[in-house]
>>> print(open('final23.pdb').read())   # PDB, C-alpha atoms (C1' of nucleotides)
ATOM      1  CA  MET A   1      41.013  31.492 -22.624
ATOM      2  CA  GLN A   2      44.107  29.709 -21.499
ATOM      3  CA  ARG A   3      44.153  26.037 -22.226
ATOM      4  CA  LYS A   4      44.883  25.053 -18.634
ATOM      5  CA  TYR A   5      41.418  26.218 -17.543
ATOM      6  CA  LEU A   6      39.607  24.156 -20.114
ATOM      7  CA  TYR A   7      39.563  20.833 -18.331
ATOM      8  CA  PRO A   8      38.471  22.052 -14.843
ATOM      9  CA  LEU A   9      35.789  24.178 -16.465
ATOM     10  CA  LEU A  10      34.512  21.198 -18.400
ATOM     11  CA  VAL A  11      34.325  19.130 -15.216
ATOM     12  CA  ILE A  12      32.367  21.829 -13.434
ATOM     13  CA  LEU A  13      29.924  22.226 -16.303
ATOM     14  CA  LEU A  14      29.369  18.494 -16.551
ATOM     15  CA  THR A  15      28.820  18.255 -12.799
ATOM     16  CA  LEU A  16      26.316  21.081 -12.815
ATOM     17  CA  GLY A  17      24.583  19.584 -15.809
ATOM     18  CA  TYR A  18      24.336  16.233 -14.120
ATOM     19  CA  LEU A  19      22.994  17.726 -10.896
ATOM     20  CA  PHE A  20      20.422  19.695 -12.867
ATOM     21  CA  PHE A  21      19.358  16.569 -14.689
ATOM     22  CA  GLU A  22      19.053  14.636 -11.424
ATOM     23  CA  LYS A  23      16.915  17.292  -9.815
ATOM     24  CA  TYR A  24      14.637  18.367 -12.631
ATOM     25  CA  ALA A  25      14.769  16.123 -15.653
ATOM     26  CA  ASN A  26      14.348  12.943 -13.650
ATOM     27  CA  GLU A  27      11.380  14.392 -11.819
ATOM     28  CA  LYS A  28       9.799  15.267 -15.113
ATOM     29  CA  LEU A  29      10.374  11.785 -16.459
ATOM     30  CA  ASP A  30       8.880  10.346 -13.338
ATOM     31  CA  GLN A  31       5.683  12.337 -13.624
ATOM     32  CA  PRO A  32       2.483  10.540 -14.547
ATOM     33  CA  ILE A  33       0.914  11.335 -17.868
ATOM     34  CA  VAL A  34      -2.155  12.470 -15.978
ATOM     35  CA  GLU A  35      -2.992  13.068 -12.330
ATOM     36  CA  ALA A  36      -2.448  10.263  -9.852
ATOM     37  CA  GLY A  37      -5.321   7.851  -9.986
ATOM     38  CA  MET A  38      -6.477   8.941 -13.407
ATOM     39  CA  GLU A  39      -4.142   6.814 -15.342
ATOM     40  CA  VAL A  40      -5.078   3.341 -16.337
ATOM     41  CA  LYS A  41      -2.052   1.798 -17.861
ATOM     42  CA  GLU A  42      -2.527  -0.015 -21.118
ATOM     43  CA  HIS A  43      -0.537  -2.876 -19.772
ATOM     44  CA  THR A  44       1.411  -3.737 -16.704
ATOM     45  CA  ASN A  45       3.679  -6.446 -15.481
ATOM     46  CA  ASP A  46       0.780  -8.829 -15.268
ATOM     47  CA  TYR A  47       2.839 -11.927 -14.851
ATOM     48  CA  PHE A  48       1.926 -12.108 -11.197
ATOM     49  CA  LEU A  49      -1.621 -10.741 -11.197
ATOM     50  CA  PRO A  50      -4.473 -12.891  -9.900
ATOM     51  CA  THR A  51      -7.693 -13.458 -11.800
ATOM     52  CA  SER A  52     -10.642 -11.177 -11.155
ATOM     53  CA  THR A  53     -13.997 -12.521 -10.023
ATOM     54  CA  THR A  54     -15.573  -9.119 -10.619
ATOM     55  CA  GLY A  55     -14.345  -8.301 -14.108
ATOM     56  CA  GLN A  56     -12.923  -4.966 -13.148
ATOM     57  CA  ILE A  57      -9.162  -4.823 -12.958
ATOM     58  CA  VAL A  58      -7.586  -1.401 -12.631
ATOM     59  CA  HIS A  59      -3.904  -0.643 -13.081
ATOM     60  CA  HIS A  60      -2.337   2.276 -11.337
ATOM     61  CA  ASN A  61       1.257   3.278 -11.690
ATOM     62  CA  TYR A  62       2.499   1.357  -8.692
ATOM     63  CA  TYR A  63      -0.177  -1.215  -7.959
ATOM     64  CA  SER A  64      -3.094  -2.996  -9.568
ATOM     65  CA  LEU A  65      -6.443  -4.014  -8.111
ATOM     66  CA  SER A  66      -9.653  -5.868  -8.807
ATOM     67  CA  TYR A  67     -12.630  -3.841  -7.615
ATOM     68  CA  SER A  68     -15.756  -5.400  -6.142
ATOM     69  CA  GLU A  69     -18.575  -2.899  -6.480
ATOM     70  CA  PRO A  70     -20.981  -4.741  -4.120
ATOM     71  CA  ASP A  71     -18.329  -4.607  -1.419
ATOM     72  CA  GLU A  72     -17.115  -1.093  -2.339
ATOM     73  CA  GLN A  73     -13.512  -2.206  -2.096
ATOM     74  CA  ALA A  74     -10.901  -4.255  -3.899
ATOM     75  CA  GLU A  75     -11.039  -8.030  -3.712
ATOM     76  CA  TRP A  76      -7.289  -7.936  -4.226
ATOM     77  CA  VAL A  77      -4.520  -5.382  -4.532
ATOM     78  CA  ALA A  78      -1.268  -6.568  -6.086
ATOM     79  CA  TYR A  79       2.112  -4.918  -6.386
ATOM     80  CA  GLU A  80       5.800  -5.568  -6.444
ATOM     81  CA  LEU A  81       7.854  -4.204  -3.596
ATOM     82  CA  LYS A  82      11.399  -3.848  -4.822
ATOM     83  CA  LYS A  83      14.322  -3.616  -2.490
ATOM     84  CA  SER A  84      15.301  -0.335  -4.151
ATOM     85  CA  GLN A  85      11.886   1.104  -3.298
ATOM     86  CA  LEU A  86      12.333   0.772   0.443
ATOM     87  CA  LYS A  87      12.584   4.310   1.707
ATOM     88  CA  ASN A  88      11.289   6.574   4.433
ATOM     89  CA  SER A  89      10.155   9.900   3.048
ATOM     90  CA  ASP A  90       7.736  11.265   5.629
ATOM     91  CA  PHE A  91       5.347  12.698   3.048
ATOM     92  CA  GLU A  92       2.305  14.535   4.311
ATOM     93  CA  ARG A  93      -0.774  12.330   4.317
ATOM     94  CA  PRO A  94      -3.252  13.555   1.695
ATOM     95  CA  TYR A  95      -7.031  13.144   1.759
ATOM     96  CA  PHE A  96      -8.468   9.951   0.390
ATOM     97  CA  GLU A  97      -9.943  10.335  -3.072
ATOM     98  CA  VAL A  98     -12.508   8.386  -5.049
ATOM     99  CA  ASP A  99     -10.682   6.305  -7.621
ATOM    100  CA  PRO A 100     -11.600   7.766 -11.007
ATOM    101  CA  ALA A 101     -10.279   4.691 -12.767
ATOM    102  CA  VAL A 102     -12.983   2.517 -11.202
ATOM    103  CA  LYS A 103     -15.927   2.657 -13.593
ATOM    104  CA  THR A 104     -18.562   2.498 -10.872
ATOM    105  CA  LYS A 105     -16.553   4.856  -8.655
ATOM    106  CA  SER A 106     -14.988   3.595  -5.485
ATOM    107  CA  ALA A 107     -16.565   4.432  -2.137
ATOM    108  CA  HIS A 108     -16.319   7.902  -0.666
ATOM    109  CA  TRP A 109     -14.139   8.204   2.422
ATOM    110  CA  ARG A 110     -17.121   9.654   4.319
ATOM    111  CA  ASN A 111     -18.405   6.112   4.654
ATOM    112  CA  TYR A 112     -15.523   5.554   7.048
ATOM    113  CA  LYS A 113     -15.969   8.777   8.971
ATOM    114  CA  LYS A 114     -17.077   8.089  12.531
ATOM    115  CA  SER A 115     -17.721   4.479  11.592
ATOM    116  CA  GLY A 116     -15.345   3.296  14.257
ATOM    117  CA  TYR A 117     -13.173   1.684  11.594
ATOM    118  CA  ASP A 118      -9.836   2.730  10.161
ATOM    119  CA  ARG A 119      -9.314   3.415   6.483
ATOM    120  CA  GLY A 120      -6.906   0.550   6.275
ATOM    121  CA  HIS A 121      -4.546   0.580   3.323
ATOM    122  CA  LEU A 122      -4.297  -2.612   1.280
ATOM    123  CA  CYS A 123      -1.181  -1.469  -0.556
ATOM    124  CA  PRO A 124       0.456   0.217   2.440
ATOM    125  CA  ALA A 125       1.491   3.844   2.169
ATOM    126  CA  GLY A 126       4.689   2.755   3.862
ATOM    127  CA  ASP A 127       5.553   0.569   0.871
ATOM    128  CA  ARG A 128       5.245   3.461  -1.577
ATOM    129  CA  GLU A 129       7.453   6.142  -0.103
ATOM    130  CA  PHE A 130       9.954   6.137  -2.944
ATOM    131  CA  SER A 131       8.090   8.992  -4.621
ATOM    132  CA  LYS A 132       5.379  11.476  -3.707
ATOM    133  CA  GLN A 133       3.293  10.283  -6.598
ATOM    134  CA  ALA A 134       3.530   6.641  -5.539
ATOM    135  CA  TYR A 135       2.687   7.585  -1.955
ATOM    136  CA  GLU A 136      -0.359   9.650  -2.876
ATOM    137  CA  GLU A 137      -1.586   6.987  -5.231
ATOM    138  CA  THR A 138      -2.206   4.710  -2.259
ATOM    139  CA  PHE A 139      -4.717   7.226  -0.930
ATOM    140  CA  LEU A 140      -7.437   6.180  -3.359
ATOM    141  CA  THR A 141     -10.484   4.649  -1.728
ATOM    142  CA  SER A 142     -10.177   1.630  -4.023
ATOM    143  CA  ASN A 143      -7.100   0.787  -1.949
ATOM    144  CA  ILE A 144      -8.713   0.802   1.492
ATOM    145  CA  THR A 145     -10.871  -1.467   3.594
ATOM    146  CA  PRO A 146     -12.561  -0.962   6.979
ATOM    147  CA  GLN A 147     -10.255  -2.250   9.679
ATOM    148  CA  ARG A 148     -10.437  -2.139  13.429
ATOM    149  CA  HIS A 149      -7.834   0.268  14.640
ATOM    150  CA  ASP A 150      -6.170  -2.114  17.068
ATOM    151  CA  PHE A 151      -5.938  -4.719  14.324
ATOM    152  CA  ASN A 152      -4.612  -2.299  11.696
ATOM    153  CA  ALA A 153      -2.070  -0.751  14.011
ATOM    154  CA  GLY A 154      -1.335  -4.094  15.615
ATOM    155  CA  VAL A 155      -0.880  -7.510  14.076
ATOM    156  CA  TRP A 156      -1.650  -6.327  10.524
ATOM    157  CA  ASN A 157       0.944  -3.586  10.814
ATOM    158  CA  ARG A 158       3.435  -6.119  12.113
ATOM    159  CA  LEU A 159       2.827  -8.228   9.025
ATOM    160  CA  GLU A 160       3.275  -5.242   6.714
ATOM    161  CA  GLN A 161       6.554  -4.402   8.352
ATOM    162  CA  LYS A 162       7.682  -8.005   7.991
ATOM    163  CA  VAL A 163       6.929  -7.825   4.285
ATOM    164  CA  ARG A 164       9.213  -4.804   4.043
ATOM    165  CA  TYR A 165      11.876  -6.736   5.890
ATOM    166  CA  TRP A 166      11.532  -9.641   3.484
ATOM    167  CA  ALA A 167      11.743  -7.276   0.536
ATOM    168  CA  SER A 168      15.057  -6.054   1.895
ATOM    169  CA  GLN A 169      16.336  -9.562   2.568
ATOM    170  CA  TYR A 170      15.192 -11.249  -0.641
ATOM    171  CA  ASP A 171      15.737  -8.402  -3.106
ATOM    172  CA  GLY A 172      12.072  -7.605  -3.553
ATOM    173  CA  VAL A 173       8.820  -9.499  -3.188
ATOM    174  CA  PHE A 174       5.431  -9.609  -4.852
ATOM    175  CA  VAL A 175       2.444  -8.965  -2.634
ATOM    176  CA  VAL A 176      -1.251  -9.690  -3.053
ATOM    177  CA  THR A 177      -3.626  -8.678  -0.292
ATOM    178  CA  GLY A 178      -7.281  -8.131   0.504
ATOM    179  CA  GLY A 179     -10.215  -8.983   2.726
ATOM    180  CA  ILE A 180     -12.237 -12.186   2.610
ATOM    181  CA  LEU A 181     -15.320 -10.443   1.273
ATOM    182  CA  LYS A 182     -17.634 -13.444   1.446
ATOM    183  CA  ASP A 183     -17.528 -13.341   5.218
ATOM    184  CA  LYS A 184     -18.578  -9.901   6.327
ATOM    185  CA  ILE A 185     -19.100  -8.695   9.871
ATOM    186  CA  GLY A 186     -21.204  -5.828   8.617
ATOM    187  CA  THR A 187     -21.136  -2.716   6.482
ATOM    188  CA  ILE A 188     -20.378   0.954   7.052
ATOM    189  CA  GLY A 189     -21.721   4.149   5.559
ATOM    190  CA  ASP A 190     -24.392   4.978   3.017
ATOM    191  CA  GLU A 191     -22.575   2.994   0.390
ATOM    192  CA  LYS A 192     -22.490  -0.069   2.650
ATOM    193  CA  VAL A 193     -18.797  -0.797   2.496
ATOM    194  CA  THR A 194     -18.186  -4.400   3.504
ATOM    195  CA  VAL A 195     -16.326  -4.993   6.746
ATOM    196  CA  PRO A 196     -14.435  -8.264   6.184
ATOM    197  CA  GLU A 197     -14.269 -10.874   8.899
ATOM    198  CA  SER A 198     -10.717 -11.732   7.919
ATOM    199  CA  PHE A 199      -7.863 -10.599   5.706
ATOM    200  CA  TYR A 200      -5.255 -12.391   3.652
ATOM    201  CA  LYS A 201      -1.832 -11.521   2.363
ATOM    202  CA  ILE A 202       0.322 -13.519  -0.029
ATOM    203  CA  VAL A 203       4.032 -12.899  -0.441
ATOM    204  CA  TYR A 204       5.963 -14.312  -3.360
ATOM    205  CA  ASP A 205       9.717 -14.275  -3.745
ATOM    206  CA  ARG A 206      11.221 -15.239  -7.074
ATOM    207  CA  SER A 207      14.391 -13.217  -6.712
ATOM    208  CA  GLY A 208      16.776 -16.067  -6.076
ATOM    209  CA  ASP A 209      17.128 -19.703  -6.976
ATOM    210  CA  ASN A 210      14.861 -20.570  -4.125
ATOM    211  CA  ILE A 211      11.416 -19.501  -5.340
ATOM    212  CA  LYS A 212       9.006 -19.405  -2.457
ATOM    213  CA  MET A 213       5.529 -18.319  -1.513
ATOM    214  CA  LEU A 214       3.853 -17.612   1.794
ATOM    215  CA  ALA A 215       0.207 -16.944   2.638
ATOM    216  CA  PHE A 216      -1.354 -15.440   5.739
ATOM    217  CA  LEU A 217      -4.940 -15.485   6.885
ATOM    218  CA  MET A 218      -5.832 -13.268   9.807
ATOM    219  CA  ASN A 219      -9.063 -12.981  11.676
ATOM    220  CA  HIS A 220     -10.103  -9.327  11.897
ATOM    221  CA  VAL A 221      -9.060  -9.158  15.521
ATOM    222  CA  GLU A 222      -5.926  -7.819  17.146
ATOM    223  CA  SER A 223      -3.597 -10.546  18.316
ATOM    224  CA  LYS A 224      -0.252 -10.829  20.011
ATOM    225  CA  LYS A 225       0.418 -14.217  18.512
ATOM    226  CA  PRO A 226       3.537 -14.631  16.367
ATOM    227  CA  LEU A 227       3.063 -13.993  12.658
ATOM    228  CA  TYR A 228       3.931 -17.530  11.635
ATOM    229  CA  SER A 229       0.876 -18.785  13.482
ATOM    230  CA  PHE A 230      -1.263 -17.134  10.783
ATOM    231  CA  VAL A 231       0.387 -18.958   7.906
ATOM    232  CA  THR A 232      -1.940 -20.852   5.627
ATOM    233  CA  SER A 233      -1.772 -22.072   2.040
ATOM    234  CA  VAL A 234      -2.664 -20.105  -1.066
ATOM    235  CA  ASP A 235      -4.997 -22.960  -1.926
ATOM    236  CA  GLN A 236      -6.952 -22.236   1.223
ATOM    237  CA  ILE A 237      -7.291 -18.557   0.324
ATOM    238  CA  GLU A 238      -8.405 -19.503  -3.165
ATOM    239  CA  LYS A 239     -11.148 -21.623  -1.628
ATOM    240  CA  LEU A 240     -12.314 -18.738   0.532
ATOM    241  CA  THR A 241     -12.216 -16.074  -2.181
ATOM    242  CA  GLY A 242     -12.726 -17.863  -5.503
ATOM    243  CA  ILE A 243      -9.671 -16.027  -6.830
ATOM    244  CA  ASP A 244      -6.987 -17.828  -8.805
ATOM    245  CA  PHE A 245      -3.635 -16.490  -7.656
ATOM    246  CA  PHE A 246      -0.545 -16.689  -9.868
ATOM    247  CA  PRO A 247      -2.314 -18.400 -12.808
ATOM    248  CA  GLN A 248       0.672 -17.539 -15.025
ATOM    249  CA  LEU A 249       2.993 -19.898 -13.191
ATOM    250  CA  GLU A 250       3.767 -23.212 -14.738
ATOM    251  CA  ASP A 251       1.132 -25.559 -13.334
ATOM    252  CA  GLY A 252       3.508 -27.912 -11.579
ATOM    253  CA  LEU A 253       5.251 -25.054  -9.802
ATOM    254  CA  GLU A 254       1.982 -23.267  -9.054
ATOM    255  CA  ASP A 255       0.475 -26.377  -7.497
ATOM    256  CA  LYS A 256       3.528 -26.968  -5.360
ATOM    257  CA  LEU A 257       3.865 -23.377  -4.130
ATOM    258  CA  GLU A 258       0.182 -22.848  -3.470
ATOM    259  CA  ALA A 259      -0.293 -26.035  -1.509
ATOM    260  CA  SER A 260       2.610 -25.266   0.789
ATOM    261  CA  MET A 261       2.327 -24.017   4.329
ATOM    262  CA  ASP A 262       6.027 -24.363   4.846
ATOM    263  CA  TYR A 263       7.585 -21.207   6.207
ATOM    264  CA  LYS A 264      11.013 -22.487   7.217
ATOM    265  CA  GLU A 265      12.667 -20.606   4.329
ATOM    266  CA  TRP A 266      11.205 -17.325   5.568
ATOM    267  CA  SER A 267      12.932 -15.435   8.308
ATOM    268  CA  PHE A 268      10.671 -14.289  11.128
ATOM    269  CA  ARG A 269      13.575 -12.657  12.913
TER     270      ARG A 269
ATOM    271  C1'  DC B   1       4.896   2.777  11.484
ATOM    272  C1'  DT B   2      -0.646   2.310  11.638
ATOM    273  C1'  DG B   3      -4.283   5.796  12.221
ATOM    274  C1'  DC B   4      -8.435   9.321  14.284
ATOM    275  C1'  DC B   5     -10.312  13.614  16.065
ATOM    276  C1'  DA B   6     -10.880  18.588  17.537
ATOM    277  C1'  DT B   7     -10.001  23.356  16.596
ATOM    278  C1'  DT B   8      -9.651  27.312  13.693
ATOM    279  C1'  DC B   9      -9.919  29.527   9.518
TER     280       DC B   9
ATOM    281  C1'  DG C   1     -11.436  21.463   2.872
ATOM    282  C1'  DA C   2      -6.544  23.202   4.758
ATOM    283  C1'  DA C   3      -3.616  23.600   8.439
ATOM    284  C1'  DT C   4      -2.462  22.634  13.026
ATOM    285  C1'  DG C   5      -1.801  19.971  17.028
ATOM    286  C1'  DG C   6      -2.940  16.186  20.208
ATOM    287  C1'  DC C   7      -3.706  11.396  21.020
ATOM    288  C1'  DA C   8      -3.126   5.992  20.865
ATOM    289  C1'  DG C   9      -1.183   1.164  19.884
TER     290       DG C   9
END
>>> encode(input="final23.pdb", output="structure tokens")
Amino acid sequence: MQRKYLYPLLVILLTLGYLFFEKYANEKLDQPIVEAGMEVKEHTNDYFLPTSTTGQIVHHNYYSLSYSEPDEQAEWVAYELKKSQLKNSDFERPYFEVDPAVKTKSAHWRNYKKSGYDRGHLCPAGDREFSKQAYEETFLTSNITPQRHDFNAGVWNRLEQKVRYWASQYDGVFVVTGGILKDKIGTIGDEKVTVPESFYKIVYDRSGDNIKMLAFLMNHVESKKPLYSFVTSVDQIEKLTGIDFFPQLEDGLEDKLEASMDYKEWSFR
DNA sequence: CTGCCATTC
DNA sequence: GAATGGCAG
């Protein structure tokens, strides 16, 4: 071969090799060790996880939860939403599956069928569109709660979208969310899945110098009120749930952040 | 985006 | 249950 062809050929081979790696090798690396939902990670980034009042914390690949068997749902679901994870992939919605990682088995989706309530995601599917695996992992019944459709598609959806906006503005946020299980409006299905009377969501931003935290408490009713009118303190949610949020924070900082109802640092655009 | 339901196989 | 299509906020 003539020497003058060597360099272009090398470039082409390297390019093809790189493209191949991008398409196949990365996918392989990204695969779970076992099927979605099966894996319980040995450890996770637990520096932001709340305490469990039920003693059953489950770690999935892209979120963690504390399961309450009497309520047949999680008392909290916690995850980090990174700015780099914000994508729209339009994956096909799969069926909901019983979470095999929950010892007592999470509720079957049939409890929700014709109940009049939505299977409302706690970790939103829309927050996990960066990979098919991450998306499908949100369709475990340990990640859902009965929600009125107008609420889920309304004010709760608005809040979820605002969280995505904040993740884009503040280079990622940590999110903890769940229903206030002590106050139930009723139950649905044979397994008596608790229908919470209200829901909370806590957003924590430690990306910049300005560490901040914001908590929302929403009655389980659709509302057209602005999101900031649902702001409360983490302390208040701790009183209602018995959960200790962000116990890993240095006490002085934790006390300050969790007592605050100040939302002036958060953009409600 | 958040979802449910009916039809057909 | 899978696939399709319609509907609603």
>>> resolve_selection(input="final23.pdb", expression="the PyMOL selection byres ((chain B) within 10 of (chain A))", output="PDB file with C-alpha atoms (C1' of nucleotides), in the coordinates of the input")
ATOM      1  C1'  DC B   1       4.896   2.777  11.484  1.00  0.00           C
ATOM      2  C1'  DT B   2      -0.646   2.310  11.638  1.00  0.00           C
ATOM      3  C1'  DG B   3      -4.283   5.796  12.221  1.00  0.00           C
ATOM      4  C1'  DC B   4      -8.435   9.321  14.284  1.00  0.00           C
ATOM      5  C1'  DC B   5     -10.312  13.614  16.065  1.00  0.00           C
TER       6       DC B   5
END
>>> interface_residues(input="final23.pdb", of="chain C", to="chain A", cutoff="10 Å", atoms="all atoms listed in the file", output="ChimeraX atom specification")
/C:1,8-9
>>> residues_around(input="final23.pdb", residues="DC9 in chain B", least_positions_apart="4", cutoff="12 Å", atoms="all atoms listed in the file", output="ChimeraX atom specification")
/C:1-4
>>> write_last_selection(input="final23.pdb", atoms="C-alpha atoms (C1' of nucleotides)", output="mmCIF file, in the frame of the given file")
data_model
loop_
_atom_site.group_PDB
_atom_site.id
_atom_site.type_symbol
_atom_site.label_atom_id
_atom_site.label_comp_id
_atom_site.auth_asym_id
_atom_site.auth_seq_id
_atom_site.Cartn_x
_atom_site.Cartn_y
_atom_site.Cartn_z
ATOM 1 C "C1'" DG C 1 -11.436 21.463 2.872
ATOM 2 C "C1'" DA C 2 -6.544 23.202 4.758
ATOM 3 C "C1'" DA C 3 -3.616 23.600 8.439
ATOM 4 C "C1'" DT C 4 -2.462 22.634 13.026
#
>>> atom_distance(input="final23.pdb", atom1="CA of Glu191 in chain A", atom2="CA of Gln133 in chain A")
27.8 Å
>>> atom_distance(input="final23.pdb", atom1="CA of Gln169 in chain A", atom2="CA of Leu122 in chain A")
21.8 Å
>>> resolve_selection(input="final23.pdb", expression="the PyMOL selection byres ((chain A and resi 255-268) around 8)", output="PyMOL selection string")
chain A and resi 162+166+212-215+227-228+231-235+251-254+269
>>> atom_distance(input="final23.pdb", atom1="CA of Arg164 in chain A", atom2="CA of Lys87 in chain A")
10.0 Å
>>> resolve_selection(input="final23.pdb", expression="the PyMOL selection byres ((chain A and resi 189) around 12)", output="JSON, numbers by chain")
{"A": [71, 72, 107, 108, 109, 110, 111, 112, 113, 114, 115, 116, 117, 146, 186, 187, 188, 190, 191, 192, 193, 194, 195]}
>>> closest_residue(input="final23.pdb", among="A:Val98, A:Lys83, A:Lys103, A:Phe246", to="Gln56 in chain A", atoms="all atoms listed in the file")
A:Lys103
>>> axis_aligned_box(input="final23.pdb", around="range 143-148 of chain A", padding_each_side="4 Å", output="lines of an AutoDock Vina configuration file")
center_x = -9.8
center_y = -0.7
center_z = 5.7
size_x = 13.5
size_y = 11.1
size_z = 23.4
>>> closest_residue(input="final23.pdb", among="A:Leu49, A:Leu81, A:Val58, A:Leu140", to="Phe96 in chain A", atoms="all atoms listed in the file")
A:Leu140
>>> residues_around(input="final23.pdb", residues="Ile57 in chain A", least_positions_apart="3", cutoff="8 Å", atoms="only C-alpha atoms (C1' of nucleotides)", output="ChimeraX atom specification")
/A:52,64-67
>>> decode(input="final23.pdb", residues="chain C", atoms="C-alpha atoms (C1' of nucleotides)", output="PDB file, in the first residue's frame")
ATOM      1  C1'  DG C   1     -51.482  -9.660  27.529  1.00  0.00           C
ATOM      2  C1'  DA C   2     -50.080  -7.087  22.846  1.00  0.00           C
ATOM      3  C1'  DA C   3     -51.179  -3.814  19.627  1.00  0.00           C
ATOM      4  C1'  DT C   4     -53.963  -0.179  18.097  1.00  0.00           C
ATOM      5  C1'  DG C   5     -56.448   3.983  18.327  1.00  0.00           C
ATOM      6  C1'  DG C   6     -59.307   7.444  20.689  1.00  0.00           C
ATOM      7  C1'  DC C   7     -59.999  10.548  24.440  1.00  0.00           C
ATOM      8  C1'  DA C   8     -59.050  14.306  28.255  1.00  0.00           C
ATOM      9  C1'  DG C   9     -56.662  18.025  31.173  1.00  0.00           C
TER      10       DG C   9
END
